[in-house]
>>> print(open('protein28.txt').read())   # compact mmCIF, C-alpha atoms
# COMPACT_ATOMS: atom_id res chain seq x y z
CA MET A 1 12.98 -0.03 7.17
CA LEU A 2 13.09 -2.10 3.99
CA MET A 3 14.22 -5.73 4.06
CA SER A 4 15.05 -8.09 1.22
CA GLN A 5 16.59 -11.49 0.70
CA ILE A 6 19.34 -12.23 -1.78
CA VAL A 7 21.51 -15.16 -2.75
CA LEU A 8 25.23 -14.45 -2.97
CA ALA A 9 27.74 -15.77 -5.48
CA ASP A 10 28.56 -18.61 -3.10
CA GLY A 11 24.92 -19.75 -3.26
CA LYS A 12 24.13 -18.74 0.32
CA SER A 13 21.00 -16.78 1.16
CA ARG A 14 21.42 -13.54 3.11
CA VAL A 15 19.21 -10.73 4.39
CA ALA A 16 19.69 -7.10 3.34
CA VAL A 17 18.24 -4.07 5.10
CA ARG A 18 18.16 -0.38 4.30
CA GLU A 19 16.73 2.86 5.49
CA GLY A 20 17.39 5.17 2.59
CA GLY A 21 19.64 4.40 -0.34
CA THR A 22 22.34 2.09 1.00
CA ALA A 23 21.57 -1.57 1.66
CA ARG A 24 23.66 -3.67 4.02
CA LEU A 25 23.71 -7.35 4.79
CA VAL A 26 22.54 -8.26 8.28
CA ASN A 27 25.23 -10.13 10.18
CA ASP A 28 24.57 -13.85 10.66
CA ALA A 29 21.12 -13.67 9.04
CA LYS A 30 20.18 -16.30 6.49
CA SER A 31 16.48 -15.50 6.08
CA ILE A 32 13.82 -12.99 7.06
CA TYR A 33 11.67 -15.93 8.15
CA ALA A 34 14.29 -17.01 10.70
CA LEU A 35 14.75 -13.45 11.98
CA ALA A 36 10.99 -12.98 12.36
CA LEU A 37 10.63 -16.28 14.20
CA GLU A 38 13.46 -15.24 16.53
CA ALA A 39 11.75 -11.90 17.21
CA VAL A 40 8.43 -13.61 18.02
CA ARG A 41 10.04 -16.07 20.42
CA ALA A 42 12.11 -13.35 22.09
CA GLY A 43 9.06 -11.13 22.54
CA THR A 44 10.70 -8.26 20.67
CA THR A 45 10.50 -6.57 17.27
CA LEU A 46 12.09 -7.44 13.97
CA ALA A 47 13.84 -4.07 13.96
CA ALA A 48 15.38 -4.84 17.36
CA ILE A 49 16.67 -8.21 16.17
CA VAL A 50 18.23 -6.59 13.09
CA SER A 51 19.82 -3.89 15.27
CA ASP A 52 21.27 -6.50 17.62
CA ARG A 53 22.83 -8.44 14.74
CA GLY A 54 24.28 -5.26 13.32
CA PRO A 55 24.97 -4.18 9.73
CA GLY A 56 27.57 -5.93 7.61
CA GLU A 57 28.95 -5.19 4.17
CA THR A 58 27.06 -3.03 1.69
CA VAL A 59 25.25 -4.61 -1.24
CA ASP A 60 24.02 -3.15 -4.53
CA LEU A 61 20.39 -4.26 -4.68
CA GLU A 62 19.85 -2.91 -8.19
CA ALA A 63 22.78 -4.97 -9.46
CA ALA A 64 21.59 -7.99 -7.48
CA ILE A 65 18.14 -7.89 -9.03
CA ARG A 66 19.60 -7.50 -12.54
CA ALA A 67 21.72 -10.57 -11.83
CA GLY A 68 18.71 -12.59 -10.65
CA GLN A 69 20.04 -12.80 -7.10
CA VAL A 70 17.01 -11.27 -5.33
CA LEU A 71 14.61 -13.83 -3.88
CA SER A 72 11.07 -13.55 -2.60
CA PRO A 73 11.59 -11.77 0.72
CA VAL A 74 9.85 -14.48 2.77
CA ARG A 75 9.65 -18.21 2.17
CA HIS A 76 8.77 -21.09 4.47
CA PRO A 77 11.20 -24.05 4.65
CA ASP A 78 8.20 -26.21 3.69
CA PRO A 79 6.23 -24.54 0.85
CA ALA A 80 3.02 -26.23 2.00
CA HIS A 81 3.11 -23.97 5.06
CA LEU A 82 3.01 -20.72 3.10
CA HIS A 83 -0.51 -19.59 2.18
CA LEU A 84 -1.26 -17.21 -0.71
CA THR A 85 -4.66 -15.55 -0.26
CA GLY A 86 -6.36 -12.27 -0.99
CA THR A 87 -9.41 -10.07 -0.89
CA GLY A 88 -11.25 -8.20 -3.63
CA LEU A 89 -13.61 -5.24 -3.92
CA THR A 90 -11.74 -3.52 -1.10
CA HIS A 91 -10.71 -0.30 -2.85
CA LEU A 92 -12.92 2.69 -3.57
CA GLY A 93 -12.45 2.34 -7.32
CA SER A 94 -12.51 -1.45 -7.50
CA ALA A 95 -16.17 -2.08 -8.23
CA ALA A 96 -16.43 -0.64 -11.74
CA THR A 97 -14.27 -3.21 -13.56
CA ARG A 98 -15.69 -6.19 -11.70
CA ASP A 99 -19.24 -4.91 -12.12
CA SER A 100 -18.79 -4.56 -15.88
CA MET A 101 -17.62 -8.18 -16.08
CA HIS A 102 -20.66 -9.48 -14.22
CA LYS A 103 -23.59 -7.41 -15.49
CA LYS A 104 -26.95 -9.13 -15.10
CA LEU A 105 -30.33 -8.52 -16.71
CA ASP A 106 -33.72 -9.04 -15.12
CA ALA A 107 -36.75 -10.45 -16.94
CA SER A 108 -37.51 -7.09 -18.55
CA GLY A 109 -33.97 -6.70 -19.83
CA GLU A 110 -33.00 -4.06 -17.27
CA GLU A 111 -29.64 -4.30 -15.55
CA THR A 112 -29.84 -5.53 -11.97
CA LEU A 113 -27.38 -5.00 -9.14
CA THR A 114 -24.56 -7.53 -9.51
CA ASP A 115 -23.20 -9.58 -6.63
CA SER A 116 -19.95 -7.63 -7.07
CA MET A 117 -21.68 -4.30 -6.54
CA LYS A 118 -23.59 -5.68 -3.58
CA MET A 119 -20.32 -6.83 -2.00
CA PHE A 120 -18.69 -3.49 -2.71
CA ARG A 121 -21.56 -1.59 -1.08
CA MET A 122 -21.36 -3.87 1.95
CA GLY A 123 -17.73 -2.83 2.33
CA LEU A 124 -18.61 0.86 2.02
CA ASP A 125 -21.25 0.48 4.71
CA GLY A 126 -19.45 -1.82 7.14
CA GLY A 127 -15.79 -2.29 6.20
CA ARG A 128 -14.37 0.32 8.55
CA PRO A 129 -15.49 -0.70 12.06
CA ALA A 130 -14.46 1.02 15.27
CA ARG A 131 -11.16 -0.10 16.76
CA GLY A 132 -11.48 -3.51 18.39
CA GLN A 133 -14.68 -4.41 16.55
CA ALA A 134 -15.30 -6.63 13.53
CA GLY A 135 -16.86 -5.15 10.42
CA VAL A 136 -18.44 -6.81 7.41
CA GLN A 137 -16.40 -9.61 5.89
CA PRO A 138 -14.85 -9.00 2.45
CA GLU A 139 -14.66 -11.19 -0.61
CA TRP A 140 -11.89 -13.74 -0.02
CA PHE A 141 -9.96 -16.07 -2.31
CA TYR A 142 -7.19 -18.65 -2.20
CA LYS A 143 -4.29 -18.61 -4.66
CA GLY A 144 -2.24 -21.56 -3.50
CA ASN A 145 0.73 -22.39 -1.30
CA GLY A 146 4.42 -21.56 -1.44
CA ASN A 147 4.85 -23.58 -4.63
CA MET A 148 2.94 -20.83 -6.45
CA VAL A 149 5.32 -18.05 -5.34
CA VAL A 150 7.58 -16.61 -8.03
CA ASP A 151 10.73 -14.67 -7.16
CA PRO A 152 11.00 -11.07 -8.37
CA GLY A 153 12.38 -11.05 -11.89
CA LYS A 154 11.36 -14.65 -12.62
CA PRO A 155 8.53 -15.55 -15.04
CA LEU A 156 4.91 -15.72 -14.00
CA VAL A 157 3.72 -18.86 -15.77
CA SER A 158 0.21 -18.92 -17.16
CA PRO A 159 -1.29 -22.46 -17.40
CA HIS A 160 -1.84 -23.83 -20.89
CA PHE A 161 -5.61 -23.89 -20.26
CA ALA A 162 -5.80 -20.25 -19.16
CA LEU A 163 -7.84 -17.83 -21.27
CA ASP A 164 -6.00 -14.74 -20.06
CA ALA A 165 -2.94 -13.75 -18.05
CA GLY A 166 -3.29 -10.37 -16.40
CA GLU A 167 -1.55 -8.42 -13.67
CA GLU A 168 -3.14 -7.04 -10.51
CA PRO A 169 -0.97 -4.45 -8.70
CA GLU A 170 -1.58 -4.82 -4.98
CA ILE A 171 -0.16 -4.40 -1.52
CA ALA A 172 0.30 -7.62 0.44
CA GLY A 173 0.57 -8.16 4.16
CA ILE A 174 3.27 -10.67 5.16
CA TYR A 175 2.57 -12.65 8.34
CA LEU A 176 4.13 -15.27 10.60
CA VAL A 177 2.07 -17.27 13.09
CA GLY A 178 3.66 -17.56 16.51
CA ASP A 179 3.98 -20.70 18.61
CA ASP A 180 0.77 -19.86 20.50
CA GLY A 181 -1.25 -19.27 17.32
CA THR A 182 -0.99 -15.48 17.38
CA PRO A 183 -0.45 -13.95 13.91
CA TYR A 184 2.35 -11.37 13.65
CA ARG A 185 2.73 -8.99 10.74
CA ILE A 186 6.29 -8.90 9.39
CA GLY A 187 5.45 -6.02 7.06
CA PHE A 188 4.01 -5.09 3.69
CA ALA A 189 5.20 -5.61 0.12
CA LEU A 190 4.25 -4.90 -3.47
CA ALA A 191 2.50 -7.86 -5.06
CA ASN A 192 1.34 -8.99 -8.48
CA GLU A 193 -1.86 -10.97 -7.88
CA PHE A 194 -1.70 -12.60 -11.30
CA SER A 195 -5.17 -13.71 -12.51
CA ASP A 196 -7.24 -14.94 -15.46
CA HIS A 197 -9.91 -12.29 -15.97
CA VAL A 198 -11.45 -13.85 -19.08
CA THR A 199 -12.22 -17.05 -17.18
CA GLU A 200 -13.68 -14.99 -14.34
CA ARG A 201 -15.85 -13.05 -16.77
CA ILE A 202 -17.52 -16.24 -18.09
CA ASN A 203 -19.22 -16.76 -14.75
CA TYR A 204 -18.62 -15.22 -11.35
CA LEU A 205 -18.46 -18.74 -9.87
CA TYR A 206 -15.27 -19.23 -11.90
CA LEU A 207 -13.50 -16.65 -9.72
CA ALA A 208 -11.89 -19.44 -7.68
CA HIS A 209 -10.47 -21.02 -10.86
CA SER A 210 -9.19 -17.68 -12.13
CA LYS A 211 -7.16 -17.07 -8.97
CA LEU A 212 -5.26 -20.39 -8.86
CA ARG A 213 -2.20 -18.88 -10.50
CA ASN A 214 1.35 -17.81 -9.69
CA ALA A 215 1.93 -14.66 -7.66
CA SER A 216 5.01 -12.57 -6.98
CA PHE A 217 5.74 -10.16 -4.13
CA GLY A 218 8.62 -7.97 -3.02
CA PRO A 219 11.43 -7.42 -3.84
CA GLU A 220 11.49 -5.60 -0.47
CA ILE A 221 9.31 -5.72 2.64
CA LEU A 222 8.33 -2.47 4.31
CA VAL A 223 8.61 -3.11 8.05
CA GLY A 224 6.25 -0.90 10.05
CA GLU A 225 2.84 0.61 9.46
CA LEU A 226 1.29 0.88 6.02
CA PRO A 227 1.13 4.47 4.69
CA ALA A 228 -2.46 5.69 4.48
CA ASP A 229 -2.15 7.01 0.92
CA ILE A 230 -0.04 5.01 -1.53
CA LYS A 231 0.40 6.18 -5.10
CA GLY A 232 2.02 3.65 -7.39
CA THR A 233 2.34 2.83 -11.08
CA SER A 234 1.56 -0.36 -12.95
CA ARG A 235 2.84 -0.92 -16.48
CA ILE A 236 3.36 -3.55 -19.16
CA ILE A 237 6.57 -3.48 -21.19
CA ARG A 238 6.79 -5.25 -24.54
CA ALA A 239 10.09 -5.54 -26.42
CA GLY A 240 11.53 -2.74 -24.30
CA LYS A 241 8.64 -0.32 -24.84
CA THR A 242 5.83 0.53 -22.43
CA ILE A 243 2.54 -0.47 -24.08
CA TRP A 244 0.30 0.30 -21.09
CA GLU A 245 0.78 2.36 -17.95
CA LYS A 246 -1.60 3.52 -15.25
CA PRO A 247 -1.39 4.82 -11.68
CA PHE A 248 -2.88 2.81 -8.85
CA LEU A 249 -3.91 3.88 -5.37
CA SER A 250 -3.82 1.89 -2.17
CA GLY A 251 -3.62 2.41 1.57
CA GLU A 252 -6.60 2.92 3.85
CA ALA A 253 -7.31 6.42 2.50
CA ASN A 254 -8.27 4.72 -0.76
CA MET A 255 -9.97 1.63 0.64
CA SER A 256 -13.48 0.68 1.75
CA HIS A 257 -12.08 -1.69 4.40
CA THR A 258 -9.49 -1.14 7.10
CA ILE A 259 -6.42 -3.35 7.10
CA ALA A 260 -7.38 -4.53 10.60
CA ASN A 261 -10.78 -5.67 9.36
CA LEU A 262 -9.27 -7.59 6.45
CA GLU A 263 -6.73 -9.20 8.79
CA HIS A 264 -9.41 -10.21 11.28
CA HIS A 265 -11.56 -11.91 8.67
CA HIS A 266 -8.59 -13.90 7.39
CA PHE A 267 -7.16 -15.00 10.71
CA LYS A 268 -10.51 -15.65 12.41
CA TYR A 269 -10.24 -19.15 10.93
CA GLY A 270 -8.26 -21.44 13.23
CA MET A 271 -6.66 -23.29 10.35
CA PHE A 272 -4.88 -20.04 9.43
CA ARG A 273 -3.36 -19.75 12.90
CA GLN A 274 -1.10 -22.79 12.79
CA PRO A 275 2.26 -22.14 14.53
CA GLY A 276 5.11 -21.37 12.17
CA ASP A 277 2.99 -20.85 9.07
CA VAL A 278 3.57 -17.89 6.74
CA HIS A 279 0.71 -15.97 5.13
CA VAL A 280 0.92 -13.60 2.17
CA HIS A 281 -2.44 -11.85 2.00
CA MET A 282 -3.15 -9.45 -0.87
CA PHE A 283 -5.48 -6.53 -0.19
CA GLY A 284 -6.99 -5.89 -3.62
CA THR A 285 -6.70 -3.31 -6.37
CA ALA A 286 -8.72 -0.94 -8.55
CA THR A 287 -6.37 -0.93 -11.56
CA LEU A 288 -6.20 -3.60 -14.28
CA SER A 289 -4.84 -3.46 -17.83
CA PHE A 290 -7.63 -5.92 -18.70
CA ALA A 291 -10.18 -3.18 -18.01
CA ASP A 292 -8.54 -1.12 -20.78
CA GLY A 293 -8.72 -3.95 -23.30
CA VAL A 294 -5.05 -4.90 -23.05
CA LYS A 295 -4.07 -8.54 -23.54
CA ALA A 296 -0.62 -9.46 -22.26
CA GLU A 297 1.55 -11.70 -24.40
CA PRO A 298 4.37 -14.12 -23.50
CA GLY A 299 7.57 -12.13 -23.06
CA ASP A 300 5.78 -9.01 -21.77
CA VAL A 301 7.11 -7.68 -18.48
CA PHE A 302 4.76 -6.60 -15.70
CA GLU A 303 6.21 -3.77 -13.61
CA ILE A 304 4.71 -2.49 -10.35
CA GLU A 305 6.27 0.28 -8.31
CA ALA A 306 5.51 2.60 -5.42
CA ALA A 307 8.16 4.77 -3.80
CA GLU A 308 7.49 3.59 -0.25
CA PHE A 309 8.35 -0.03 -1.15
CA GLY A 310 11.77 0.45 -2.69
CA LEU A 311 12.65 -1.56 -5.78
CA ALA A 312 10.01 -2.13 -8.43
CA LEU A 313 8.49 -5.59 -8.78
CA ARG A 314 9.10 -6.93 -12.29
CA ASN A 315 8.10 -10.30 -13.75
CA PRO A 316 7.95 -11.47 -17.38
CA LEU A 317 5.01 -13.52 -18.62
CA LYS A 318 5.49 -17.09 -19.80
CA GLN A 319 2.94 -19.51 -21.25
CA ALA A 320 3.07 -23.13 -20.12
CA ARG A 321 3.03 -25.89 -22.72
CA ALA A 322 -0.14 -27.87 -23.24
CA VAL A 323 -0.39 -31.21 -21.51
CA ALA A 324 -2.84 -34.10 -21.76
CA PRO A 325 -5.87 -34.16 -19.45
CA VAL A 326 -5.08 -35.49 -15.99
CA ALA A 327 -6.11 -39.11 -15.53
CA VAL A 328 -6.56 -40.40 -11.99
CA ARG A 329 -5.52 -43.98 -11.34
CA THR A 330 -7.38 -46.40 -9.11
CA LEU A 331 -5.38 -48.09 -6.35
>>> encode(input="protein28.txt", output="structure tokens")
Amino acid sequence: MLMSQIVLADGKSRVAVREGGTARLVNDAKSIYALALEAVRAGTTLAAIVSDRGPGETVDLEAAIRAGQVLSPVRHPDPAHLHLTGTGLTHLGSAATRDSMHKKLDASGEETLTDSMKMFRMGLDGGRPARGQAGVQPEWFYKGNGNMVVDPGKPLVSPHFALDAGEEPEIAGIYLVGDDGTPYRIGFALANEFSDHVTERINYLYLAHSKLRNASFGPEILVGELPADIKGTSRIIRAGKTIWEKPFLSGEANMSHTIANLEHHHFKYGMFRQPGDVHVHMFGTATLSFADGVKAEPGDVFEIEAAEFGLALRNPLKQARAVAPVAVRTL
């Protein structure tokens, strides 16, 4: 089942659902967040809640996204209670690009094992624990709160101080924390974990800076289990022409960590189990245009698609205007 959120001509937000080609509005449903919260409190599933509400009128999702009516599939009423986070070095092909950015030399001039490669090998050795057990913890990073979320089709804005603005095609888990602090997975979505790879390349300790950027996910949420082998495509379109295109792989068949292990190491922290909070957690990638020497320009469109997730995720790139250095005032 695929779920999305759209805004109608009257300005009201509605939920659409489809299994196959035809999407229908869910009766009396204003948001996926509200439906998920209802399912948690009723002790049932999201699919059951949707079935109980019943299908309404049909909706053309392709036309809706062209008209800018498709929203991020999950928002929190208070953006401060939506957390954007992610993990890196989780995919079997993800170490090469990162390793090349962080090469180190020993005293004799020989290359030594980078921290990235060490982390990747840790995942290979201990990222797939037995069911019910915790494996090695992955790399983890914070991208911001709900104010950093960009709707599908809207511009990803690169800060004026950024040195690069690059896409990262990923799968994200979408979660809601129940009233008792239990995290519930709503589903999975395509995500663009937009980053500044040039800043990261200067020094690995700049990784945190490079990740504090916009992100976009959706347009649809896949409700249910994540397919083991996902084959998608990531591309950059400039002035209507594709200037870069590459396949990407995801799903546990292509990962060094299990989804359960990544989820455990995120939600093991009590501060991430606050009732009512929403979490969008991105699981990493092995495919970057940056690795192929491509530099995105304002106006370029990032496009990420994989058949299992319905509509492609598209976002143009925009550069923010320069501003003066921030001056803090004394009270």
>>> closest_residue(input="protein28.txt", among="A:Thr85, A:Thr233, A:Ser158, A:Thr90", to="Glu305 in chain A", atoms="all atoms listed in the file")
A:Thr233
>>> residues_around(input="protein28.txt", residues="range 242-256 of chain A", least_positions_apart="2", cutoff="7 Å", atoms="only C-alpha atoms", output="MDAnalysis selection string")
chainID A and resid 90:92 123:124 127:128 226:238 240 258 286:287
>>> closest_residue(input="protein28.txt", among="A:Val177, A:Leu311, A:Leu2, A:Val26", to="Gly54 in chain A", atoms="all atoms listed in the file")
A:Val26
>>> residues_around(input="protein28.txt", residues="Pro183 in chain A", least_positions_apart="5", cutoff="12 Å", atoms="all atoms listed in the file", output="mmCIF file with C-alpha atoms, keeping the file's coordinate frame")
data_model
loop_
_atom_site.group_PDB
_atom_site.id
_atom_site.type_symbol
_atom_site.label_atom_id
_atom_site.label_comp_id
_atom_site.auth_asym_id
_atom_site.auth_seq_id
_atom_site.Cartn_x
_atom_site.Cartn_y
_atom_site.Cartn_z
ATOM 1 C CA ALA A 36 10.990 -12.980 12.360
ATOM 2 C CA LEU A 37 10.630 -16.280 14.200
ATOM 3 C CA VAL A 40 8.430 -13.610 18.020
ATOM 4 C CA GLY A 173 0.570 -8.160 4.160
ATOM 5 C CA ILE A 174 3.270 -10.670 5.160
ATOM 6 C CA TYR A 175 2.570 -12.650 8.340
ATOM 7 C CA LEU A 176 4.130 -15.270 10.600
ATOM 8 C CA VAL A 177 2.070 -17.270 13.090
ATOM 9 C CA GLY A 178 3.660 -17.560 16.510
ATOM 10 C CA GLU A 263 -6.730 -9.200 8.790
ATOM 11 C CA HIS A 264 -9.410 -10.210 11.280
ATOM 12 C CA HIS A 266 -8.590 -13.900 7.390
ATOM 13 C CA PHE A 267 -7.160 -15.000 10.710
ATOM 14 C CA LYS A 268 -10.510 -15.650 12.410
ATOM 15 C CA TYR A 269 -10.240 -19.150 10.930
ATOM 16 C CA GLY A 270 -8.260 -21.440 13.230
ATOM 17 C CA MET A 271 -6.660 -23.290 10.350
ATOM 18 C CA PHE A 272 -4.880 -20.040 9.430
ATOM 19 C CA ARG A 273 -3.360 -19.750 12.900
ATOM 20 C CA GLN A 274 -1.100 -22.790 12.790
ATOM 21 C CA PRO A 275 2.260 -22.140 14.530
ATOM 22 C CA GLY A 276 5.110 -21.370 12.170
ATOM 23 C CA ASP A 277 2.990 -20.850 9.070
ATOM 24 C CA VAL A 278 3.570 -17.890 6.740
ATOM 25 C CA HIS A 279 0.710 -15.970 5.130
ATOM 26 C CA VAL A 280 0.920 -13.600 2.170
#
>>> closest_atom_pairs(input="protein28.txt", of="range 215-330 of chain A", to="range 4-25 of chain A", cutoff="12 Å", atoms="only C-alpha atoms", output="tab-separated table")
residue	atom	partner	partner_atom	distance
A:Phe217	CA	A:Ser4	CA	10.9
A:Gly218	CA	A:Ser4	CA	7.7
A:Pro219	CA	A:Ser4	CA	6.3
A:Glu220	CA	A:Ser4	CA	4.7
A:Ile221	CA	A:Ser4	CA	6.4
A:Leu222	CA	A:Ser4	CA	9.3
A:Val223	CA	A:Val17	CA	10.1
A:Ala307	CA	A:Gly20	CA	11.2
A:Glu308	CA	A:Gly20	CA	10.4
A:Phe309	CA	A:Ser4	CA	10.7
A:Gly310	CA	A:Gly20	CA	9.0
A:Leu311	CA	A:Ser4	CA	9.9
>>> residues_around(input="protein28.txt", residues="Ala39 in chain A", least_positions_apart="4", cutoff="12 Å", atoms="only C-alpha atoms", output="mmCIF file with C-alpha atoms, in the frame of the given file")
data_model
loop_
_atom_site.group_PDB
_atom_site.id
_atom_site.type_symbol
_atom_site.label_atom_id
_atom_site.label_comp_id
_atom_site.auth_asym_id
_atom_site.auth_seq_id
_atom_site.Cartn_x
_atom_site.Cartn_y
_atom_site.Cartn_z
ATOM 1 C CA ILE A 32 13.820 -12.990 7.060
ATOM 2 C CA TYR A 33 11.670 -15.930 8.150
ATOM 3 C CA ALA A 34 14.290 -17.010 10.700
ATOM 4 C CA LEU A 35 14.750 -13.450 11.980
ATOM 5 C CA GLY A 43 9.060 -11.130 22.540
ATOM 6 C CA THR A 44 10.700 -8.260 20.670
ATOM 7 C CA THR A 45 10.500 -6.570 17.270
ATOM 8 C CA LEU A 46 12.090 -7.440 13.970
ATOM 9 C CA ALA A 47 13.840 -4.070 13.960
ATOM 10 C CA ALA A 48 15.380 -4.840 17.360
ATOM 11 C CA ILE A 49 16.670 -8.210 16.170
ATOM 12 C CA VAL A 50 18.230 -6.590 13.090
ATOM 13 C CA SER A 51 19.820 -3.890 15.270
ATOM 14 C CA ASP A 52 21.270 -6.500 17.620
ATOM 15 C CA ARG A 53 22.830 -8.440 14.740
ATOM 16 C CA LEU A 176 4.130 -15.270 10.600
ATOM 17 C CA VAL A 177 2.070 -17.270 13.090
ATOM 18 C CA GLY A 178 3.660 -17.560 16.510
ATOM 19 C CA ASP A 179 3.980 -20.700 18.610
ATOM 20 C CA TYR A 184 2.350 -11.370 13.650
ATOM 21 C CA ARG A 185 2.730 -8.990 10.740
ATOM 22 C CA ILE A 186 6.290 -8.900 9.390
#
>>> residues_around(input="protein28.txt", residues="Val198 in chain A", least_positions_apart="4", cutoff="12 Å", atoms="all atoms listed in the file", output="number ranges by chain")
A: 98, 101-102, 161-166, 202-204, 206-207, 209-211, 290-291, 293-295
>>> residues_near_point(input="protein28.txt", point="(5.9, -16.1, -11.9)", cutoff="9 Å", atoms="only C-alpha atoms", output="tab-separated table (two decimals) with C-alpha atoms, keeping the file's coordinate frame")
chain	number	residue	atom	x	y	z
A	148	MET	CA	2.94	-20.83	-6.45
A	149	VAL	CA	5.32	-18.05	-5.34
A	150	VAL	CA	7.58	-16.61	-8.03
A	151	ASP	CA	10.73	-14.67	-7.16
A	152	PRO	CA	11.00	-11.07	-8.37
A	153	GLY	CA	12.38	-11.05	-11.89
A	154	LYS	CA	11.36	-14.65	-12.62
A	155	PRO	CA	8.53	-15.55	-15.04
A	156	LEU	CA	4.91	-15.72	-14.00
A	157	VAL	CA	3.72	-18.86	-15.77
A	158	SER	CA	0.21	-18.92	-17.16
A	194	PHE	CA	-1.70	-12.60	-11.30
A	213	ARG	CA	-2.20	-18.88	-10.50
A	214	ASN	CA	1.35	-17.81	-9.69
A	215	ALA	CA	1.93	-14.66	-7.66
A	216	SER	CA	5.01	-12.57	-6.98
A	315	ASN	CA	8.10	-10.30	-13.75
A	316	PRO	CA	7.95	-11.47	-17.38
A	317	LEU	CA	5.01	-13.52	-18.62
A	318	LYS	CA	5.49	-17.09	-19.80
